[in-house]
Amino acid sequence: MVDYPWVSVSGFGAHIKSTRKHLIIQKKTTTEHYPLEEISHLLIVGGHTIHSAAISQLVRNGVYITFFDPDGTPVGMIRPFSSGNGEKCSERQRSLPRQRYAIRIAQASIKSRLFTIERIQESQESSLLYEGELELLHKSLDELEYLIKLDEIRRLHKLSSDMYYEILSRSLPPDLGFRRRTLRPQVDPVNAMLSFGYSLLFGTCSVAVIGALLNPDLGLLHEGCGGLVNDLIEPLKAGTVDPLVLQMAGESLTDSDFERTHDRCMLSDTLISAMMKSFYTAQVSDRVNEQVNNFSRALETGTDFKILY
């Protein structure tokens, strides 16, 4: 059975074909069969082989096919004729109450970060918080409910985010140079690792968002290119990427894992491979798919959006 209305083929070397009723994906050691009637979108990430007959059969059954680079960047789409599902989703997204959704996303993000801080303190058996910081985070969580303007919501969200990363920095060795979250290019390995982990999360979510025929650029809390993707991954960062980065940075990071220059820090291929292995071993994509599916279902049915964090 298909867990979600999209099927994703990642990596390299899969062989994709179909019968009248099934999509067949052959990999090195496995063969998977998916009923065509349960699929709305096939997502091909990386390099694979697909029969032209399979493309025709999929499109004939109303299935979209989208191709992505290995990092999750969309390249192009094949869509059935006379299909307006994507336009309908975009119309629904534009009609959403942005303020209410932005507040809920920002609240979920703060909650997830509070849980992460609590778990780190328990594991290290020491407090990371200065006096008044916990109260300020909880106050921010409560104040969000009463904000009216999107700029106010974003400002408070950024304030709580900046505070969270400064608190995290106290759990790591000072010689790593991590004090707060910075924009690219980063000059310390922890910020570089966070950016790489978030890019994996963004790529994974982009594939699922397009698979659900959502418009990735119609954000709620975030604006611009990939706005919706950033909205959906924001509450997931603290519970998925951050623990992996903190564990590796605090326990196993060595000087050979990165190289610093005067204006940037570059991660080694070995460290990048280790991060990717940890990311996919933790089955982060399952939580991302569920988050996207929850949003898509809420959009289609008009029900409440259950935000994972």
# chains A, B, ... in the order shown; residues from 1 in each chain; ligands from 1
>>> select_by_dssp(residues="segment 2-216 of chain A", states="strand (DSSP E or B)", output="JSON, numbers by chain")
{"A": [6, 7, 8, 9, 12, 13, 14, 15, 16, 17, 18, 22, 23, 24, 25, 26, 31, 32, 33, 34, 35, 41, 42, 43, 44, 45, 47, 48, 49, 50, 64, 65, 66, 67, 68, 74, 75, 76, 77, 78]}
>>> residues_around(residues="Ser126 of chain A", least_positions_apart="6", cutoff="12 Å", atoms="only C-alpha atoms", output="list of chain:residue names")
A:Ile117, A:Glu118, A:Arg119, A:Ile120, A:Arg170, A:Ser171
>>> write_last_selection(atoms="all heavy atoms", output="compact mmCIF listing (two decimals), in the first residue's frame")
# COMPACT_ATOMS: atom_id res chain seq x y z
N ILE A 117 16.39 21.86 24.46
CA ILE A 117 17.19 22.39 25.56
C ILE A 117 17.05 21.51 26.80
O ILE A 117 18.04 21.19 27.48
CB ILE A 117 16.77 23.84 25.88
CG1 ILE A 117 17.15 24.77 24.72
CG2 ILE A 117 17.43 24.32 27.18
CD1 ILE A 117 16.56 26.16 24.83
N GLU A 118 15.82 21.09 27.08
CA GLU A 118 15.59 20.24 28.25
C GLU A 118 16.32 18.91 28.13
O GLU A 118 16.94 18.42 29.09
CB GLU A 118 14.08 20.00 28.40
CG GLU A 118 13.71 19.17 29.62
CD GLU A 118 12.20 18.96 29.74
OE1 GLU A 118 11.45 19.66 29.02
OE2 GLU A 118 11.79 18.12 30.55
N ARG A 119 16.29 18.30 26.92
CA ARG A 119 16.97 17.02 26.73
C ARG A 119 18.48 17.16 26.87
O ARG A 119 19.14 16.28 27.44
CB ARG A 119 16.62 16.44 25.35
CG ARG A 119 15.19 15.90 25.25
CD ARG A 119 15.03 15.04 24.01
NE ARG A 119 15.17 15.81 22.80
CZ ARG A 119 14.15 16.38 22.15
NH1 ARG A 119 12.92 16.25 22.63
NH2 ARG A 119 14.34 17.06 21.04
N ILE A 120 19.04 18.25 26.35
CA ILE A 120 20.48 18.46 26.46
C ILE A 120 20.88 18.63 27.93
O ILE A 120 21.88 18.06 28.39
CB ILE A 120 20.92 19.69 25.64
CG1 ILE A 120 20.69 19.45 24.15
CG2 ILE A 120 22.39 20.00 25.89
CD1 ILE A 120 20.90 20.69 23.31
N ARG A 170 26.37 26.93 24.57
CA ARG A 170 26.97 26.65 25.88
C ARG A 170 27.16 25.16 26.14
O ARG A 170 27.83 24.79 27.11
CB ARG A 170 26.09 27.26 26.98
CG ARG A 170 25.90 28.76 26.85
CD ARG A 170 24.78 29.28 27.71
NE ARG A 170 24.35 30.62 27.25
CZ ARG A 170 23.19 31.16 27.54
NH1 ARG A 170 22.31 30.50 28.31
NH2 ARG A 170 22.88 32.36 27.08
N SER A 171 26.57 24.32 25.29
CA SER A 171 26.70 22.88 25.47
C SER A 171 27.90 22.31 24.71
O SER A 171 28.19 21.12 24.82
CB SER A 171 25.43 22.17 25.00
OG SER A 171 25.29 22.24 23.59
>>> residues_around(residues="segment 94-99 of chain A", least_positions_apart="3", cutoff="12 Å", atoms="only C-alpha atoms", output="MDAnalysis selection string")
chainID A and resid 87:91 102:106 144:154 214:223 228 231 295 298:300 302:305
>>> residues_around(residues="segment 197-205 of chain A", least_positions_apart="4", cutoff="10 Å", atoms="only C-alpha atoms", output="ChimeraX atom specification")
/A:45,68-74,191-193,209-211,216,226,228-230,232-234,236-237,240-242,244-245,272,275-276,279-280,284-289,291-292
>>> select_by_dssp(residues="segment 63-130 of chain A", states="helix (DSSP H, G or I)", output="PDB file with N, CA and C atoms, in the first residue's frame")
ATOM      1  N   ASN A  85      -4.892  20.543 -10.758  1.00  0.00           N
ATOM      2  CA  ASN A  85      -4.750  20.314  -9.321  1.00  0.00           C
ATOM      3  C   ASN A  85      -3.763  21.279  -8.675  1.00  0.00           C
ATOM      4  N   GLY A  86      -2.654  21.533  -9.366  1.00  0.00           N
ATOM      5  CA  GLY A  86      -1.661  22.441  -8.803  1.00  0.00           C
ATOM      6  C   GLY A  86      -2.221  23.836  -8.618  1.00  0.00           C
ATOM      7  N   GLU A  87      -2.999  24.312  -9.590  1.00  0.00           N
ATOM      8  CA  GLU A  87      -3.591  25.638  -9.488  1.00  0.00           C
ATOM      9  C   GLU A  87      -4.604  25.691  -8.345  1.00  0.00           C
ATOM     10  N   LYS A  88      -5.358  24.607  -8.163  1.00  0.00           N
ATOM     11  CA  LYS A  88      -6.340  24.567  -7.072  1.00  0.00           C
ATOM     12  C   LYS A  88      -5.647  24.643  -5.716  1.00  0.00           C
ATOM     13  N   CYS A  89      -4.531  23.900  -5.580  1.00  0.00           N
ATOM     14  CA  CYS A  89      -3.787  23.938  -4.322  1.00  0.00           C
ATOM     15  C   CYS A  89      -3.250  25.346  -4.048  1.00  0.00           C
ATOM     16  N   SER A  90      -2.744  26.000  -5.094  1.00  0.00           N
ATOM     17  CA  SER A  90      -2.217  27.351  -4.916  1.00  0.00           C
ATOM     18  C   SER A  90      -3.322  28.315  -4.479  1.00  0.00           C
ATOM     19  N   GLU A  91      -4.502  28.162  -5.061  1.00  0.00           N
ATOM     20  CA  GLU A  91      -5.626  29.014  -4.675  1.00  0.00           C
ATOM     21  C   GLU A  91      -5.992  28.797  -3.212  1.00  0.00           C
ATOM     22  N   ARG A  92      -5.998  27.534  -2.784  1.00  0.00           N
ATOM     23  CA  ARG A  92      -6.308  27.239  -1.379  1.00  0.00           C
ATOM     24  C   ARG A  92      -5.237  27.816  -0.458  1.00  0.00           C
ATOM     25  N   GLN A  93      -3.974  27.696  -0.867  1.00  0.00           N
ATOM     26  CA  GLN A  93      -2.892  28.241  -0.044  1.00  0.00           C
ATOM     27  C   GLN A  93      -3.025  29.753   0.115  1.00  0.00           C
ATOM     28  N   ARG A  94      -3.379  30.438  -0.970  1.00  0.00           N
ATOM     29  CA  ARG A  94      -3.516  31.901  -0.907  1.00  0.00           C
ATOM     30  C   ARG A  94      -4.682  32.319  -0.014  1.00  0.00           C
ATOM     31  N   ARG A  98      -3.129  33.658   6.998  1.00  0.00           N
ATOM     32  CA  ARG A  98      -1.676  33.617   7.181  1.00  0.00           C
ATOM     33  C   ARG A  98      -1.268  33.869   8.631  1.00  0.00           C
ATOM     34  N   GLN A  99      -1.914  34.839   9.252  1.00  0.00           N
ATOM     35  CA  GLN A  99      -1.524  35.185  10.612  1.00  0.00           C
ATOM     36  C   GLN A  99      -1.691  34.003  11.555  1.00  0.00           C
ATOM     37  N   ARG A 100      -2.830  33.317  11.464  1.00  0.00           N
ATOM     38  CA  ARG A 100      -3.100  32.191  12.369  1.00  0.00           C
ATOM     39  C   ARG A 100      -2.112  31.054  12.134  1.00  0.00           C
ATOM     40  N   TYR A 101      -1.837  30.744  10.874  1.00  0.00           N
ATOM     41  CA  TYR A 101      -0.888  29.671  10.567  1.00  0.00           C
ATOM     42  C   TYR A 101       0.533  30.053  10.974  1.00  0.00           C
ATOM     43  N   ALA A 102       0.904  31.312  10.741  1.00  0.00           N
ATOM     44  CA  ALA A 102       2.245  31.766  11.112  1.00  0.00           C
ATOM     45  C   ALA A 102       2.451  31.671  12.616  1.00  0.00           C
ATOM     46  N   ILE A 103       1.437  32.031  13.376  1.00  0.00           N
ATOM     47  CA  ILE A 103       1.526  31.928  14.841  1.00  0.00           C
ATOM     48  C   ILE A 103       1.723  30.483  15.268  1.00  0.00           C
ATOM     49  N   ARG A 104       0.972  29.576  14.687  1.00  0.00           N
ATOM     50  CA  ARG A 104       1.060  28.169  15.078  1.00  0.00           C
ATOM     51  C   ARG A 104       2.425  27.582  14.731  1.00  0.00           C
ATOM     52  N   ILE A 105       2.973  27.962  13.583  1.00  0.00           N
ATOM     53  CA  ILE A 105       4.299  27.473  13.193  1.00  0.00           C
ATOM     54  C   ILE A 105       5.360  28.011  14.150  1.00  0.00           C
ATOM     55  N   ALA A 106       5.272  29.312  14.472  1.00  0.00           N
ATOM     56  CA  ALA A 106       6.233  29.916  15.391  1.00  0.00           C
ATOM     57  C   ALA A 106       6.120  29.294  16.783  1.00  0.00           C
ATOM     58  N   GLN A 107       4.908  29.026  17.237  1.00  0.00           N
ATOM     59  CA  GLN A 107       4.724  28.397  18.549  1.00  0.00           C
ATOM     60  C   GLN A 107       5.308  26.985  18.572  1.00  0.00           C
ATOM     61  N   ALA A 108       5.049  26.214  17.528  1.00  0.00           N
ATOM     62  CA  ALA A 108       5.585  24.853  17.457  1.00  0.00           C
ATOM     63  C   ALA A 108       7.108  24.866  17.457  1.00  0.00           C
ATOM     64  N   SER A 109       7.700  25.876  16.804  1.00  0.00           N
ATOM     65  CA  SER A 109       9.155  25.987  16.756  1.00  0.00           C
ATOM     66  C   SER A 109       9.728  26.244  18.147  1.00  0.00           C
ATOM     67  N   ILE A 110       9.099  27.146  18.897  1.00  0.00           N
ATOM     68  CA  ILE A 110       9.575  27.429  20.257  1.00  0.00           C
ATOM     69  C   ILE A 110       9.426  26.195  21.141  1.00  0.00           C
ATOM     70  N   LYS A 111       8.306  25.503  21.041  1.00  0.00           N
ATOM     71  CA  LYS A 111       8.097  24.304  21.849  1.00  0.00           C
ATOM     72  C   LYS A 111       9.151  23.251  21.559  1.00  0.00           C
ATOM     73  N   SER A 112       9.456  23.047  20.277  1.00  0.00           N
ATOM     74  CA  SER A 112      10.447  22.035  19.916  1.00  0.00           C
ATOM     75  C   SER A 112      11.821  22.408  20.472  1.00  0.00           C
ATOM     76  N   ARG A 113      12.142  23.693  20.479  1.00  0.00           N
ATOM     77  CA  ARG A 113      13.443  24.138  20.984  1.00  0.00           C
ATOM     78  C   ARG A 113      13.519  24.036  22.502  1.00  0.00           C
ATOM     79  N   LEU A 114      12.415  24.287  23.173  1.00  0.00           N
ATOM     80  CA  LEU A 114      12.387  24.097  24.621  1.00  0.00           C
ATOM     81  C   LEU A 114      12.627  22.636  24.981  1.00  0.00           C
ATOM     82  N   PHE A 115      12.015  21.723  24.230  1.00  0.00           N
ATOM     83  CA  PHE A 115      12.226  20.292  24.467  1.00  0.00           C
ATOM     84  C   PHE A 115      13.686  19.913  24.237  1.00  0.00           C
ATOM     85  N   THR A 116      14.278  20.466  23.182  1.00  0.00           N
ATOM     86  CA  THR A 116      15.681  20.146  22.883  1.00  0.00           C
ATOM     87  C   THR A 116      16.607  20.641  23.987  1.00  0.00           C
ATOM     88  N   ILE A 117      16.386  21.862  24.458  1.00  0.00           N
ATOM     89  CA  ILE A 117      17.190  22.390  25.564  1.00  0.00           C
ATOM     90  C   ILE A 117      17.051  21.509  26.799  1.00  0.00           C
ATOM     91  N   GLU A 118      15.823  21.095  27.082  1.00  0.00           N
ATOM     92  CA  GLU A 118      15.585  20.236  28.247  1.00  0.00           C
ATOM     93  C   GLU A 118      16.319  18.906  28.126  1.00  0.00           C
ATOM     94  N   ARG A 119      16.291  18.300  26.924  1.00  0.00           N
ATOM     95  CA  ARG A 119      16.969  17.018  26.731  1.00  0.00           C
ATOM     96  C   ARG A 119      18.481  17.156  26.870  1.00  0.00           C
ATOM     97  N   ILE A 120      19.038  18.249  26.348  1.00  0.00           N
ATOM     98  CA  ILE A 120      20.483  18.461  26.461  1.00  0.00           C
ATOM     99  C   ILE A 120      20.882  18.630  27.926  1.00  0.00           C
ATOM    100  N   GLN A 121      20.113  19.402  28.663  1.00  0.00           N
ATOM    101  CA  GLN A 121      20.420  19.614  30.076  1.00  0.00           C
ATOM    102  C   GLN A 121      20.357  18.307  30.858  1.00  0.00           C
ATOM    103  N   GLU A 122      19.383  17.458  30.530  1.00  0.00           N
ATOM    104  CA  GLU A 122      19.278  16.171  31.201  1.00  0.00           C
ATOM    105  C   GLU A 122      20.476  15.281  30.881  1.00  0.00           C
ATOM    106  N   SER A 123      20.906  15.284  29.619  1.00  0.00           N
ATOM    107  CA  SER A 123      22.021  14.418  29.224  1.00  0.00           C
ATOM    108  C   SER A 123      23.345  14.909  29.806  1.00  0.00           C
ATOM    109  N   GLN A 124      23.501  16.225  29.937  1.00  0.00           N
ATOM    110  CA  GLN A 124      24.741  16.773  30.464  1.00  0.00           C
ATOM    111  C   GLN A 124      24.701  17.001  31.970  1.00  0.00           C
TER     112      GLN A 124
END
>>> atom_distance(atom1="atom CA of Met248 of chain A", atom2="atom CA of Cys265 of chain A")
16.3 Å
>>> closest_residue(among="A:Ile65, A:Leu194, A:Tyr4, A:Ile25", to="Asn294 of chain A", atoms="only C-alpha atoms")
A:Tyr4
>>> atom_distance(atom1="atom CA of Phe196 of chain A", atom2="atom CA of Glu166 of chain A")
19.0 Å
>>> residues_around(residues="Leu58 of chain A", least_positions_apart="4", cutoff="10 Å", atoms="only C-alpha atoms", output="PyMOL selection string")
chain A and resi 17-23+36-37+39-42+52-54+62-65+78-80
>>> write_last_selection(atoms="C-alpha atoms", output="tab-separated table (two decimals), in the first residue's frame")
chain	number	residue	atom	x	y	z
A	17	LYS	CA	8.55	0.68	-15.43
A	18	SER	CA	4.83	-0.01	-15.18
A	19	THR	CA	1.97	-2.29	-16.07
A	20	ARG	CA	-1.59	-1.18	-16.59
A	21	LYS	CA	-2.25	-1.28	-12.87
A	22	HIS	CA	1.10	-1.00	-11.12
A	23	LEU	CA	4.22	1.15	-10.98
A	36	LEU	CA	-1.37	3.30	-9.95
A	37	GLU	CA	-4.79	4.24	-8.61
A	39	ILE	CA	-0.46	7.48	-6.78
A	40	SER	CA	-0.85	11.13	-7.72
A	41	HIS	CA	2.83	12.00	-8.18
A	42	LEU	CA	6.10	10.20	-9.00
A	52	SER	CA	8.82	5.85	-22.10
A	53	ALA	CA	5.92	3.39	-21.94
A	54	ALA	CA	5.88	3.86	-18.16
A	62	GLY	CA	-3.35	11.24	-14.11
A	63	VAL	CA	0.02	10.89	-12.36
A	64	TYR	CA	2.44	13.82	-12.31
A	65	ILE	CA	6.17	13.08	-12.78
A	78	ILE	CA	5.59	16.08	-16.78
A	79	ARG	CA	1.91	16.62	-16.11
A	80	PRO	CA	-1.34	15.21	-17.53
>>> residues_around(residues="Gln26 of chain A", least_positions_apart="4", cutoff="8 Å", atoms="only C-alpha atoms", output="mmCIF file with N, CA and C atoms, in the first residue's frame")
data_model
loop_
_atom_site.group_PDB
_atom_site.id
_atom_site.type_symbol
_atom_site.label_atom_id
_atom_site.label_comp_id
_atom_site.auth_asym_id
_atom_site.auth_seq_id
_atom_site.Cartn_x
_atom_site.Cartn_y
_atom_site.Cartn_z
ATOM 1 N N ALA A 14 18.061 3.091 -10.109
ATOM 2 C CA ALA A 14 16.794 2.352 -10.099
ATOM 3 C C ALA A 14 16.250 2.236 -11.523
ATOM 4 N N HIS A 15 15.461 1.183 -11.747
ATOM 5 C CA HIS A 15 14.844 0.932 -13.054
ATOM 6 C C HIS A 15 13.333 1.038 -12.869
ATOM 7 N N ILE A 16 12.704 1.987 -13.582
ATOM 8 C CA ILE A 16 11.290 2.298 -13.367
ATOM 9 C C ILE A 16 10.474 1.884 -14.586
ATOM 10 N N THR A 30 15.926 -5.060 -4.421
ATOM 11 C CA THR A 30 14.483 -5.078 -4.144
ATOM 12 C C THR A 30 13.686 -4.687 -5.383
ATOM 13 N N THR A 31 12.448 -5.108 -5.409
ATOM 14 C CA THR A 31 11.476 -4.682 -6.417
ATOM 15 C C THR A 31 10.207 -4.267 -5.696
ATOM 16 N N GLU A 32 9.749 -3.036 -5.951
ATOM 17 C CA GLU A 32 8.578 -2.510 -5.270
ATOM 18 C C GLU A 32 7.448 -2.302 -6.274
#
>>> closest_residue(among="A:Val75, A:Leu128, A:Ile24, A:Met266", to="Ile55 of chain A", atoms="only C-alpha atoms")
A:Ile24
>>> atom_distance(atom1="atom CA of Pro235 of chain A", atom2="atom CA of Thr281 of chain A")
19.9 Å
